[in-house]
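**Student:** Take this structure first; my questions come after.
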Amino acid sequence: MSARVEGYGRLIDRSKRVSFSFNGKRLRGYAGDTLASALLGAGQVMLGRSFKYHRPRGLVASGAEEPNALVGLGEGGRFEPDQRATTTELFDGLAAISQNHWPSLAFDVGEVNNYLARFLPAGFYYKTFMAPRGAWAKIFEPFVRQSAGLGRVPMEPDADAYEYLYAHYDVVVVGGGVAGLQAARAAAATGVSVLVMEDAAHWGGRAPVDGGEIDGMAPGDWVKAALDALEAADNVTLRLRMQGTGVYDHGYHLGYERVADHSPGDGRPRHRLWRIRAGRIVTATGALERPLAFSGNDVPGVMLASAMRDYLVNWGVAAGRRIVVVTNNDDAYRTALAMKAAGRVVAAVLDAREVVTSPLAQAARDAGIAVMEGRAIAEVRGRARVKSVLVTTQAGAGKAGEEIRCDAVAMSGGWSPVVHLWSHCGGKLTWDEAAAMFRPDPDRAPTGADGAPFVLTAGAASGALALDACLADAHAAGKAAGKGAGGKASRKAGPKAVCEAEAPIAPVWIMPEGAGPEKRMKMWLDFQNDVKVSDVQLAAREGYESVEHTKRYTTLGMATDQGKLSNINGLAVLSQALQQEIPATGTTTFRPPYTPISMGAIAGEARGELFQPLRRTPLHDWHDAHGADWEPVGHWRRPYTYLRAGESREQAVQREVVNTRENVGMLDASTLGKIVVKGPDAGRFLDMMYTNMMSTLPVGKCRYGLMCSENGFLIDDGVVARLDDDTWLCHTTTGGADRIHAHMEEWLQTEWWDWKVYTANLTEQYAQIGVVGPKARQVLEALGGMDVSKEALPFMHWAEGELGGLPVRVFRISFSGELSYEIAVPASRGQALWDALMEAGKPHGVMPYGTEALHVLRAEKGFIMIGDETDGTVIPQDLGLTWAISKKKDDYIGKRAQARPHMADPERWKLVGLETTDGSVIPDGAYIVAEGVNANGQRNMQGRVTSSYHSPTLKRGIAMGLVLHGPDRMGEEVTIPRIDGSEIKARIVETCFYDKEGAKQDV
Amino acid sequence: MSEAVSALGGATFEGYCILRDAGPTGMVTIRGDLGAAAFGKAVKKATGCALPKQREIVTNGGRRLAWMSPDELLLICDQGEAPGMAAALAETLKGQHALALDVSDARALFRLEGAGCREVIAKLSPANLAPGAFGPGEMRRTRLAQVAGAFHMPDESSVEIVVFRSVARYAFDLIANAARPGSEVGLFAPAP
């Protein structure tokens, strides 16, 4: 039975009781507890069920590597599944539920899988769900969905706020244990800026638990002194509850700060993602203890020796009353000694090594602990709780000997440096045979832009496990990082540390070494994903040689803990099975994040209104207040139509079209791109940009132009106005403003860098208002201020002046076929002009119209729309726009491409108008079919519809489409299938349906 | 004649810093050969401002002239002054290959005030806001979350921010959100 122990618990405050709940049961812990220590302290050993076999599981570890103790945390908008109890700080009112069981933690139907384990081996899914194909969707997937999965998905929107923070430091130290603190001190002494982050809520790491002496002080006291020194330095930033999550190229580093996980709802952001640029990154991330693979090593009560020690020293919780320690190295003796000192019974230390005479073993013997050499665990007895262990010899098949009664087992299979951050950016590892570990190889470090290593490791993360070596290594790493980041060399010596000498580790990957299949099926490697020694060996027998393949086949290391405990043991077992050395097998790839981080932290502030920038014209609020039915156009919102009470969208569009044709309509055209191009070479430049001749455009006039890409495809269109001798104003499509500006700059900066041309994107400088319809002139004249008559301002001309006292530039251009003025006014006066025009237009029946009416109006005139008639594969020649391609010019962008045989092929589909014979509207994007079927049995095609509308002017469906030999087939009837299988007949006609002579726009 | 209206009409937000829409402001974009002596002379003559060095912003009374790129400057001035300034520049730059345009209405200008102003911007911009790396006298063209933005510090406890007019609401809400009470980081030591 686990319980609190008086006199222990350096991190808890026993005067502050904290109340929390687990599966609805009220429990109490202390301030400073983790959820794990509080549960263990409350006697709760079994915390969850495993993923595949639903076996009862308890705590294995005390930190980020914990595979079992995953809980659903919080409620409602703060519920989150799969949270590790070991890294969850306890707070008043915390509510946790265990996962992966039904109906209850104690009794779980899914446990039947445990008894079927023999039939659920490695690769079970791959083998079982191969055939028949149809069975996957109907039978297998629903079954797998039902039985798979750990936590529940949150059902409510996240109640918390998250944010980013960009930070820049010369040196970033990850880890606030003694190595990290010493590395920070050494780096800070070189004068550079230093950030130190610690994942936990306290500084000092393992050293205060493990003991020894630093500069004559106990490690805990030394940590305090080191912190005082760092806090006093003005070039050091210290952050707790912040994890070094990922290392990327160019010294980019992600820090995941859990600001308010322990104080939900206090108004602070829950998580803050630090996006850091670092000159050097020092990883002082420590080492993780490895489990031992013996039969029943997953029974609740079996835990890492270091974790058992942590629970005792840090939180005053003894994991059991009577314990057995099983180990292959000296470190586990510290647990035996600590538990014994705390008044627990240490029934035995089973040491796999044949002869053990080291000081720590001797200390155990002196304390009266039975040390059994060359011994192993044959089997752990118990189901939801350890009852006893059966002892055997490590060398052998595991013939069970003595049974030792106990309620907890402390295991240690040695230590592995935490190399994740070192490896993220390509740092390589080397196998240290003597220490039985992969350690970072400083000769193959990740290198930065200067060719020098930008990640350094410090202390146990380097493989320097002993306290004296650890601090010496950290001091050197800090010094080197500071110097590498531009600091001054420092001669300051590092601290002197003293610790017990330790005897060498004996590598033990399977316990006992000759264990048979029955035992190997109960030796867990990956606790979270239920991968056992037998699974890895099966994979090897089935031909999986690559560690990466074996990982995916067996799911070893693929759980939310990403194999922190299982990777090294797994690859060692694989190596044995393949009869090769461990380095020949190698490790799987370490990828960020170190532990899973919240989706909220990744999104940062980008949610709700801030999810994406919304671009607003100066008239946006007016539209909103007048029934605008919004349509996204790029990042803009434009009114699709203005709805009146009781109107459908279609009715509103029809009304707007009719009113514009009969009276006068107003359009917010502010989103159109407006790029000024100026300079002695501007004319020459525009002749290259456009297919038309722009250099010959007289000042005061406008010309419609087409722009193509290098490959000849039509990319944009718009009206160009010549403002003065060396200045042109180019209008682009709404979506093209930024793209075309960049396109121009690209050519100017990379190809024609010696041409004297400047461009400026003035898109947002002006509100632009279209006043369109037969009564447009009367509206402008009512405002007064400038002559807008046909004589003073003819079609395709522009003029500057004043309207209603506002400074304007008026363009006589038309995208509707009607008499039309586009009026540009400084954006800050856009609303004023709009209001004045609406007022002046009242007697003439003025109405605003939206983008859909704009589309119908232009389609009636056969005007193309970039994005409808073009899709990146269409050239101007396809659209019958050869009139807009200058024959006089030597060159323009796209000219050569358009001369290629495929582009000049008469078989290319060409634009025509389509008129339905029954007056109905062709569905958008429909195809025009030809006789027969192709090799795939599909109907042959001879064209496709690019635009299709109901024309209120013609009172019928009209469309445009690209059709094979279209312009030569006027009057011919074609067939267009609908999705429901019925067909529409349409006649091929000219693209222009309305006012073919263009008389109406030129009045 | 109607008054000019800024994008957000003088909106204000009070968090751990105060954010204000600065109202209508004059801005003139200037492009030319920054290395040519004649260019500097012409700009000085029209604006009274010396040519800023790389990333610099110089002040002359109510006018500020900022370096924006190797061939681009931005003049910030009173709103009513901008059209005249653009015309004056066009005049003094006559004969040179150059461009001067009034862009006052294409932009929005915000002021962020308070001891934590560096930190608020650091939540949104990848630029280094640490004292020593950035401070008064410097203009930084960068981004604020998902939109382009430029800023400089008129003094140690305020930042002046320029964004495009169409995203003024997004940018304002974004900065206000970053400055909301409770989200203080304490990243930079307070100004000495």
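Every chain in the structure tokens has a letter given in the order shown (A, B, ...), and although residue numbers restart at 1 in each chain, ligands are simply numbered from 1 in the order shown.
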Based on only C-alpha atoms, which of the residues in chain B come within 6 Å of chain A? I want them as a count of residues only.

**Tutor:** 15

**Student:** I'd like to know which residues of range 330-511 of chain A are alpha helix (DSSP H) (by DSSP, run on the backbone); could you write them as a ChimeraX atom specification?

**Tutor:** /A:332-341,359-366,420-424,467-484

**Student:** I need the residue nearest Ala539 in chain A from this list: A:Val346, A:Leu556, A:Ala122, A:Ile893. Use only C-alpha atoms for the distance.

**Tutor:** A:Ala122

**Student:** Counting only C-alpha atoms, what is within 12 Å of Ala85 in chain A, bar same-chain residues fewer than 2 positions away, as a PyMOL selection string?

**Tutor:** chain A and resi 22+33-40+47-48+58-73+81-83+87-90+94-98

**Student:** Go ahead and write the residues just picked, N, CA and C atoms, as a compact mmCIF listing (two decimals), in the first residue's frame.

**Tutor:**
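The resulting file, out08.txt, is reproduced below:
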# COMPACT_ATOMS: atom_id res chain seq x y z
N PHE A 22 -10.77 12.22 -8.38
CA PHE A 22 -10.33 11.23 -9.35
C PHE A 22 -11.51 10.28 -9.58
N ASP A 33 2.29 19.09 -4.72
CA ASP A 33 2.11 17.75 -5.27
C ASP A 33 1.93 17.81 -6.79
N THR A 34 2.30 16.72 -7.46
CA THR A 34 1.77 16.49 -8.80
C THR A 34 0.52 15.64 -8.61
N LEU A 35 -0.27 15.54 -9.67
CA LEU A 35 -1.45 14.68 -9.57
C LEU A 35 -1.01 13.25 -9.25
N ALA A 36 0.12 12.85 -9.82
CA ALA A 36 0.62 11.49 -9.60
C ALA A 36 0.99 11.28 -8.14
N SER A 37 1.73 12.22 -7.54
CA SER A 37 2.16 12.02 -6.15
C SER A 37 0.96 12.08 -5.22
N ALA A 38 -0.01 12.93 -5.57
CA ALA A 38 -1.20 13.02 -4.72
C ALA A 38 -2.01 11.74 -4.77
N LEU A 39 -2.14 11.15 -5.96
CA LEU A 39 -2.90 9.90 -6.10
C LEU A 39 -2.18 8.77 -5.36
N LEU A 40 -0.88 8.71 -5.57
CA LEU A 40 -0.10 7.66 -4.91
C LEU A 40 -0.16 7.85 -3.40
N LEU A 47 -4.08 3.34 -12.02
CA LEU A 47 -4.54 4.62 -12.52
C LEU A 47 -5.19 4.57 -13.90
N GLY A 48 -5.00 3.46 -14.60
CA GLY A 48 -5.58 3.41 -15.94
C GLY A 48 -5.47 2.03 -16.52
N GLY A 58 -0.32 1.20 -13.40
CA GLY A 58 -0.05 2.22 -12.40
C GLY A 58 1.13 3.06 -12.84
N LEU A 59 1.62 3.88 -11.93
CA LEU A 59 2.74 4.77 -12.26
C LEU A 59 4.01 3.96 -12.49
N VAL A 60 4.74 4.32 -13.53
CA VAL A 60 6.06 3.74 -13.76
C VAL A 60 7.14 4.77 -13.46
N ALA A 61 6.83 6.02 -13.79
CA ALA A 61 7.84 7.06 -13.71
C ALA A 61 7.32 8.23 -12.89
N SER A 62 8.13 9.28 -12.80
CA SER A 62 7.71 10.46 -12.03
C SER A 62 7.77 11.72 -12.89
N GLY A 63 8.06 11.59 -14.17
CA GLY A 63 8.22 12.79 -15.00
C GLY A 63 7.59 12.64 -16.37
N ALA A 64 8.16 13.34 -17.35
CA ALA A 64 7.60 13.43 -18.70
C ALA A 64 7.58 12.10 -19.42
N GLU A 65 8.35 11.13 -18.93
CA GLU A 65 8.44 9.84 -19.63
C GLU A 65 7.33 8.88 -19.23
N GLU A 66 6.47 9.27 -18.30
CA GLU A 66 5.44 8.36 -17.80
C GLU A 66 4.52 7.87 -18.93
N PRO A 67 4.44 6.54 -19.10
CA PRO A 67 3.60 6.03 -20.19
C PRO A 67 2.17 5.68 -19.77
N ASN A 68 1.95 5.40 -18.50
CA ASN A 68 0.68 4.81 -18.09
C ASN A 68 -0.34 5.79 -17.54
N ALA A 69 0.16 6.69 -16.67
CA ALA A 69 -0.79 7.50 -15.90
C ALA A 69 -1.30 8.66 -16.73
N LEU A 70 -2.10 8.35 -17.75
CA LEU A 70 -2.73 9.38 -18.57
C LEU A 70 -4.17 9.53 -18.11
N VAL A 71 -4.58 10.77 -17.92
CA VAL A 71 -5.93 11.00 -17.43
C VAL A 71 -6.64 12.03 -18.30
N GLY A 72 -7.95 12.03 -18.22
CA GLY A 72 -8.74 13.12 -18.77
C GLY A 72 -8.80 14.19 -17.70
N LEU A 73 -8.40 15.40 -18.05
CA LEU A 73 -8.23 16.45 -17.05
C LEU A 73 -9.20 17.59 -17.31
N PRO A 81 -7.92 15.36 -22.88
CA PRO A 81 -7.56 13.96 -22.65
C PRO A 81 -6.06 13.75 -22.62
N ASP A 82 -5.65 12.56 -22.19
CA ASP A 82 -4.26 12.10 -22.30
C ASP A 82 -3.25 13.00 -21.58
N GLN A 83 -3.64 13.55 -20.45
CA GLN A 83 -2.70 14.38 -19.69
C GLN A 83 -1.93 13.51 -18.70
N THR A 87 3.19 15.07 -14.66
CA THR A 87 3.62 16.45 -14.95
C THR A 87 2.46 17.43 -14.77
N THR A 88 1.40 16.95 -14.12
CA THR A 88 0.26 17.82 -13.83
C THR A 88 0.36 18.30 -12.38
N GLU A 89 0.51 19.58 -12.22
CA GLU A 89 0.58 20.12 -10.86
C GLU A 89 -0.81 20.08 -10.23
N LEU A 90 -0.83 19.74 -8.97
CA LEU A 90 -2.11 19.65 -8.27
C LEU A 90 -2.61 21.05 -7.92
N LEU A 94 -9.05 20.40 -8.89
CA LEU A 94 -8.68 19.60 -10.06
C LEU A 94 -9.58 18.37 -10.16
N ALA A 95 -10.07 18.12 -11.38
CA ALA A 95 -10.91 16.94 -11.61
C ALA A 95 -10.27 16.09 -12.69
N ALA A 96 -9.99 14.84 -12.35
CA ALA A 96 -9.36 13.94 -13.33
C ALA A 96 -10.18 12.67 -13.44
N ILE A 97 -10.18 12.09 -14.64
CA ILE A 97 -10.83 10.78 -14.82
C ILE A 97 -9.85 9.86 -15.51
N SER A 98 -9.90 8.59 -15.15
CA SER A 98 -9.02 7.63 -15.81
C SER A 98 -9.62 7.28 -17.18

**Student:** Nearest to Ala485 in chain A: which of A:Ala452, A:Ile597, A:Leu748, A:Ala363 is it, counting only C-alpha atoms?

**Tutor:** A:Ala452

**Student:** Ranking A:Trp222, A:Trp415, A:Tyr704, A:Tyr927 by minimum distance to Arg978 in chain A and counting only C-alpha atoms, which one comes first?

**Tutor:**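 Ranking A:Trp222, A:Trp415, A:Tyr704, A:Tyr927 by distance to Arg978 in chain A, first place goes to A:Tyr927.
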
**Student:** Could you pull out all residues of range 3-190 of chain B with a DSSP call of strand (DSSP E or B) and give them as a short mmCIF file (atom, residue, chain, number, x, y, z; two decimals) with N, CA and C atoms, in the first residue's frame?

**Tutor:**
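To be explicit, this is the file written out as out-v3.cif:
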data_model
loop_
_atom_site.label_atom_id
_atom_site.label_comp_id
_atom_site.auth_asym_id
_atom_site.auth_seq_id
_atom_site.Cartn_x
_atom_site.Cartn_y
_atom_site.Cartn_z
N THR B 12 -9.69 53.17 -28.99
CA THR B 12 -8.72 53.03 -27.89
C THR B 12 -8.95 51.72 -27.16
N PHE B 13 -7.86 51.09 -26.71
CA PHE B 13 -7.98 49.90 -25.86
C PHE B 13 -7.02 50.06 -24.69
N GLU B 14 -7.51 49.80 -23.49
CA GLU B 14 -6.63 49.89 -22.34
C GLU B 14 -6.39 48.52 -21.75
N ILE B 18 -1.59 50.85 -23.40
CA ILE B 18 -2.73 51.53 -24.01
C ILE B 18 -2.50 51.60 -25.52
N LEU B 19 -3.53 51.20 -26.27
CA LEU B 19 -3.44 51.20 -27.73
C LEU B 19 -4.43 52.22 -28.27
N ARG B 20 -3.93 53.06 -29.19
CA ARG B 20 -4.81 54.09 -29.78
C ARG B 20 -4.66 54.09 -31.29
N ASP B 21 -5.78 54.27 -31.97
CA ASP B 21 -5.74 54.62 -33.39
C ASP B 21 -5.34 56.09 -33.44
N GLY B 26 -0.51 61.81 -42.12
CA GLY B 26 0.03 61.94 -43.46
C GLY B 26 1.19 60.99 -43.68
N MET B 27 1.20 60.36 -44.86
CA MET B 27 2.33 59.49 -45.21
C MET B 27 2.63 59.63 -46.69
N VAL B 28 3.92 59.72 -46.97
CA VAL B 28 4.35 59.81 -48.37
C VAL B 28 5.41 58.75 -48.61
N THR B 29 5.19 57.93 -49.62
CA THR B 29 6.22 56.94 -49.96
C THR B 29 7.15 57.57 -51.00
N ILE B 30 8.43 57.37 -50.79
CA ILE B 30 9.44 57.97 -51.68
C ILE B 30 10.37 56.87 -52.16
N ARG B 31 10.53 56.78 -53.47
CA ARG B 31 11.51 55.82 -53.98
C ARG B 31 12.52 56.55 -54.84
N GLU B 56 16.99 53.34 -40.08
CA GLU B 56 16.88 54.48 -39.19
C GLU B 56 15.60 55.26 -39.45
N ILE B 57 15.14 56.00 -38.44
CA ILE B 57 14.06 56.97 -38.63
C ILE B 57 14.52 58.28 -38.01
N VAL B 58 14.43 59.37 -38.79
CA VAL B 58 14.90 60.66 -38.30
C VAL B 58 13.69 61.58 -38.14
N THR B 59 13.82 62.53 -37.24
CA THR B 59 12.70 63.41 -36.90
C THR B 59 13.07 64.85 -37.19
N ASN B 60 12.11 65.56 -37.73
CA ASN B 60 12.29 67.01 -37.90
C ASN B 60 10.96 67.64 -37.55
N ARG B 63 7.66 66.00 -38.50
CA ARG B 63 7.89 65.07 -39.60
C ARG B 63 8.90 64.01 -39.21
N ARG B 64 8.62 62.78 -39.65
CA ARG B 64 9.57 61.69 -39.43
C ARG B 64 9.85 61.04 -40.78
N LEU B 65 11.11 60.77 -41.03
CA LEU B 65 11.49 60.16 -42.30
C LEU B 65 12.17 58.84 -42.00
N ALA B 66 11.63 57.74 -42.53
CA ALA B 66 12.13 56.40 -42.19
C ALA B 66 12.70 55.69 -43.41
N TRP B 67 13.74 54.94 -43.18
CA TRP B 67 14.33 54.06 -44.19
C TRP B 67 13.46 52.80 -44.28
N MET B 68 13.02 52.47 -45.47
CA MET B 68 12.13 51.31 -45.62
C MET B 68 12.76 50.16 -46.40
N SER B 69 13.65 50.50 -47.33
CA SER B 69 14.36 49.49 -48.11
C SER B 69 15.50 50.22 -48.81
N GLU B 72 13.82 52.93 -50.83
CA GLU B 72 12.51 53.42 -50.42
C GLU B 72 12.55 54.10 -49.06
N LEU B 73 11.85 55.24 -48.97
CA LEU B 73 11.71 55.96 -47.70
C LEU B 73 10.23 56.15 -47.42
N LEU B 74 9.90 56.40 -46.15
CA LEU B 74 8.52 56.75 -45.81
C LEU B 74 8.54 58.02 -44.97
N LEU B 75 7.81 59.02 -45.43
CA LEU B 75 7.66 60.25 -44.67
C LEU B 75 6.34 60.18 -43.90
N ILE B 76 6.41 60.43 -42.60
CA ILE B 76 5.20 60.49 -41.77
C ILE B 76 5.04 61.94 -41.33
N CYS B 77 3.86 62.50 -41.59
CA CYS B 77 3.68 63.92 -41.27
C CYS B 77 2.21 64.17 -40.91
N LEU B 99 10.16 58.56 -57.27
CA LEU B 99 8.72 58.45 -57.15
C LEU B 99 8.32 58.97 -55.77
N ALA B 100 7.33 59.84 -55.71
CA ALA B 100 6.83 60.31 -54.42
C ALA B 100 5.31 60.33 -54.49
N LEU B 101 4.67 59.55 -53.63
CA LEU B 101 3.21 59.45 -53.70
C LEU B 101 2.60 59.56 -52.31
N ASP B 102 1.47 60.22 -52.25
CA ASP B 102 0.71 60.31 -51.00
C ASP B 102 0.06 58.95 -50.73
N ARG B 107 -2.96 53.56 -45.25
CA ARG B 107 -2.37 53.02 -44.02
C ARG B 107 -3.21 53.38 -42.81
N ALA B 108 -2.90 52.70 -41.72
CA ALA B 108 -3.44 53.08 -40.42
C ALA B 108 -2.26 53.18 -39.48
N LEU B 109 -2.34 54.11 -38.55
CA LEU B 109 -1.25 54.33 -37.61
C LEU B 109 -1.79 54.16 -36.18
N PHE B 110 -1.11 53.34 -35.41
CA PHE B 110 -1.52 53.13 -34.01
C PHE B 110 -0.39 53.54 -33.09
N ARG B 111 -0.76 53.95 -31.88
CA ARG B 111 0.26 54.18 -30.84
C ARG B 111 0.00 53.24 -29.69
N LEU B 112 1.07 52.59 -29.27
CA LEU B 112 1.01 51.66 -28.14
C LEU B 112 1.88 52.25 -27.04
N GLU B 113 1.29 52.48 -25.89
CA GLU B 113 2.03 53.14 -24.83
C GLU B 113 2.02 52.33 -23.55
N GLU B 138 14.93 53.77 -34.61
CA GLU B 138 14.99 52.71 -35.61
C GLU B 138 13.59 52.36 -36.13
N MET B 139 13.50 52.10 -37.42
CA MET B 139 12.24 51.67 -38.03
C MET B 139 12.40 50.20 -38.39
N ARG B 140 11.38 49.40 -38.07
CA ARG B 140 11.49 47.98 -38.41
C ARG B 140 10.30 47.58 -39.28
N ARG B 141 10.60 47.10 -40.46
CA ARG B 141 9.55 46.57 -41.36
C ARG B 141 9.50 45.09 -41.15
N THR B 142 8.36 44.58 -40.76
CA THR B 142 8.29 43.17 -40.40
C THR B 142 6.84 42.73 -40.55
N ARG B 143 6.42 41.79 -39.73
CA ARG B 143 5.02 41.41 -39.75
C ARG B 143 4.48 41.40 -38.33
N LEU B 144 3.17 41.53 -38.23
CA LEU B 144 2.47 41.39 -36.95
C LEU B 144 1.51 40.23 -37.16
N VAL B 147 -0.15 39.77 -40.77
CA VAL B 147 -0.13 40.90 -41.71
C VAL B 147 1.20 41.65 -41.64
N ALA B 148 1.49 42.37 -42.74
CA ALA B 148 2.69 43.20 -42.77
C ALA B 148 2.51 44.36 -41.81
N GLY B 149 3.60 44.78 -41.21
CA GLY B 149 3.55 45.92 -40.31
C GLY B 149 4.93 46.53 -40.18
N ALA B 150 4.96 47.81 -39.81
CA ALA B 150 6.24 48.47 -39.53
C ALA B 150 6.06 49.24 -38.25
N PHE B 151 7.13 49.40 -37.49
CA PHE B 151 7.00 50.16 -36.25
C PHE B 151 8.33 50.80 -35.85
N HIS B 152 8.19 51.84 -35.05
CA HIS B 152 9.37 52.44 -34.43
C HIS B 152 8.97 52.91 -33.04
N MET B 153 9.97 53.25 -32.23
CA MET B 153 9.69 53.69 -30.86
C MET B 153 10.00 55.17 -30.74
N PRO B 154 8.95 56.01 -30.64
CA PRO B 154 9.20 57.43 -30.44
C PRO B 154 9.98 57.66 -29.14
N ASP B 155 9.73 56.84 -28.13
CA ASP B 155 10.51 56.89 -26.89
C ASP B 155 10.50 55.50 -26.28
N SER B 158 6.93 53.77 -25.75
CA SER B 158 5.85 53.73 -26.73
C SER B 158 6.33 53.23 -28.08
N VAL B 159 5.39 52.68 -28.81
CA VAL B 159 5.67 52.17 -30.16
C VAL B 159 4.63 52.76 -31.10
N GLU B 160 5.08 53.19 -32.25
CA GLU B 160 4.17 53.69 -33.29
C GLU B 160 4.15 52.63 -34.39
N ILE B 161 2.95 52.21 -34.75
CA ILE B 161 2.80 51.04 -35.63
C ILE B 161 2.05 51.44 -36.89
N VAL B 162 2.58 51.05 -38.04
CA VAL B 162 1.93 51.33 -39.33
C VAL B 162 1.48 50.00 -39.94
N VAL B 163 0.20 49.91 -40.31
CA VAL B 163 -0.29 48.73 -41.03
C VAL B 163 -1.13 49.20 -42.21
N PHE B 164 -1.50 48.29 -43.08
CA PHE B 164 -2.37 48.65 -44.18
C PHE B 164 -3.79 48.90 -43.66
#

**Student:** In terms of the shortest atom-to-atom distance over only C-alpha atoms, which of B:Pro131, B:Ser125, B:Ala37, B:Asn177 is closest to Ser157 in chain B?

**Tutor:** B:Pro131

**Student:** Quick one: residues within 7 Å of Leu337 in chain A, only C-alpha atoms counted, chain neighbours fewer than 4 positions away excluded, as a list in words?

**Tutor:**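 Final neighbour list, sorted by chain and number: Tyr333, Ala341 and Ala364 of chain A.
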
**Student:** Excluding Ser423 in chain A and its own-chain neighbours fewer than 5 positions away, which residues fall within 8 Å of it when counting only C-alpha atoms? Please give them as a list of chain:residue names.

**Tutor:** A:Lys428, A:Leu429, A:Pro446, A:Thr589, A:Phe590, A:Arg591

**Student:** Write the residues of the preceding selection, restricted to C-alpha atoms, as a tab-separated table (two decimals), in the first residue's frame.

**Tutor:**
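Resulting contents of result38.tsv:
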chain	number	residue	atom	x	y	z
A	428	LYS	CA	24.33	12.09	-34.21
A	429	LEU	CA	24.70	9.54	-31.43
A	446	PRO	CA	24.01	19.89	-35.70
A	589	THR	CA	14.38	9.30	-35.54
A	590	PHE	CA	13.76	11.80	-32.76
A	591	ARG	CA	11.29	14.44	-33.84

**Student:** I want to know what sits within 8 Å of Arg169 in chain B, based on only C-alpha atoms, with residues of the same chain fewer than 3 positions away left out; could you give that as a PyMOL selection string?

**Tutor:** chain B and resi 7-8+166+172-173

**Student:** Could you please take those selected residues and save N, CA and C atoms as an mmCIF file, in the first residue's frame?

**Tutor:**
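Saved file again-v4.cif follows:
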data_model
loop_
_atom_site.group_PDB
_atom_site.id
_atom_site.type_symbol
_atom_site.label_atom_id
_atom_site.label_comp_id
_atom_site.auth_asym_id
_atom_site.auth_seq_id
_atom_site.Cartn_x
_atom_site.Cartn_y
_atom_site.Cartn_z
ATOM 1 N N ALA B 7 -9.155 54.675 -40.372
ATOM 2 C CA ALA B 7 -9.829 53.385 -40.504
ATOM 3 C C ALA B 7 -10.671 53.052 -39.284
ATOM 4 N N LEU B 8 -10.182 53.389 -38.081
ATOM 5 C CA LEU B 8 -10.908 52.973 -36.879
ATOM 6 C C LEU B 8 -11.448 54.157 -36.082
ATOM 7 N N SER B 166 -6.766 48.303 -44.805
ATOM 8 C CA SER B 166 -7.824 47.295 -44.885
ATOM 9 C C SER B 166 -7.762 46.292 -43.728
ATOM 10 N N PHE B 172 -5.542 46.033 -34.964
ATOM 11 C CA PHE B 172 -5.890 46.666 -33.682
ATOM 12 C C PHE B 172 -6.313 45.592 -32.676
ATOM 13 N N ASP B 173 -7.221 44.728 -33.105
ATOM 14 C CA ASP B 173 -7.701 43.661 -32.204
ATOM 15 C C ASP B 173 -6.558 42.741 -31.784
#

**Student:** Select, from A:Tyr849, A:Glu751, A:Gly77, A:Ala225, the residue with the minimum atom-to-atom distance to Glu156 in chain A, counting only C-alpha atoms.

**Tutor:** A:Gly77

**Student:** Distance CA of Val209 in chain A-CA of Asp526 in chain A, one decimal place?

**Tutor:**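 About the pair CA of Val209 in chain A and CA of Asp526 in chain A: they are 26.6 Å apart.
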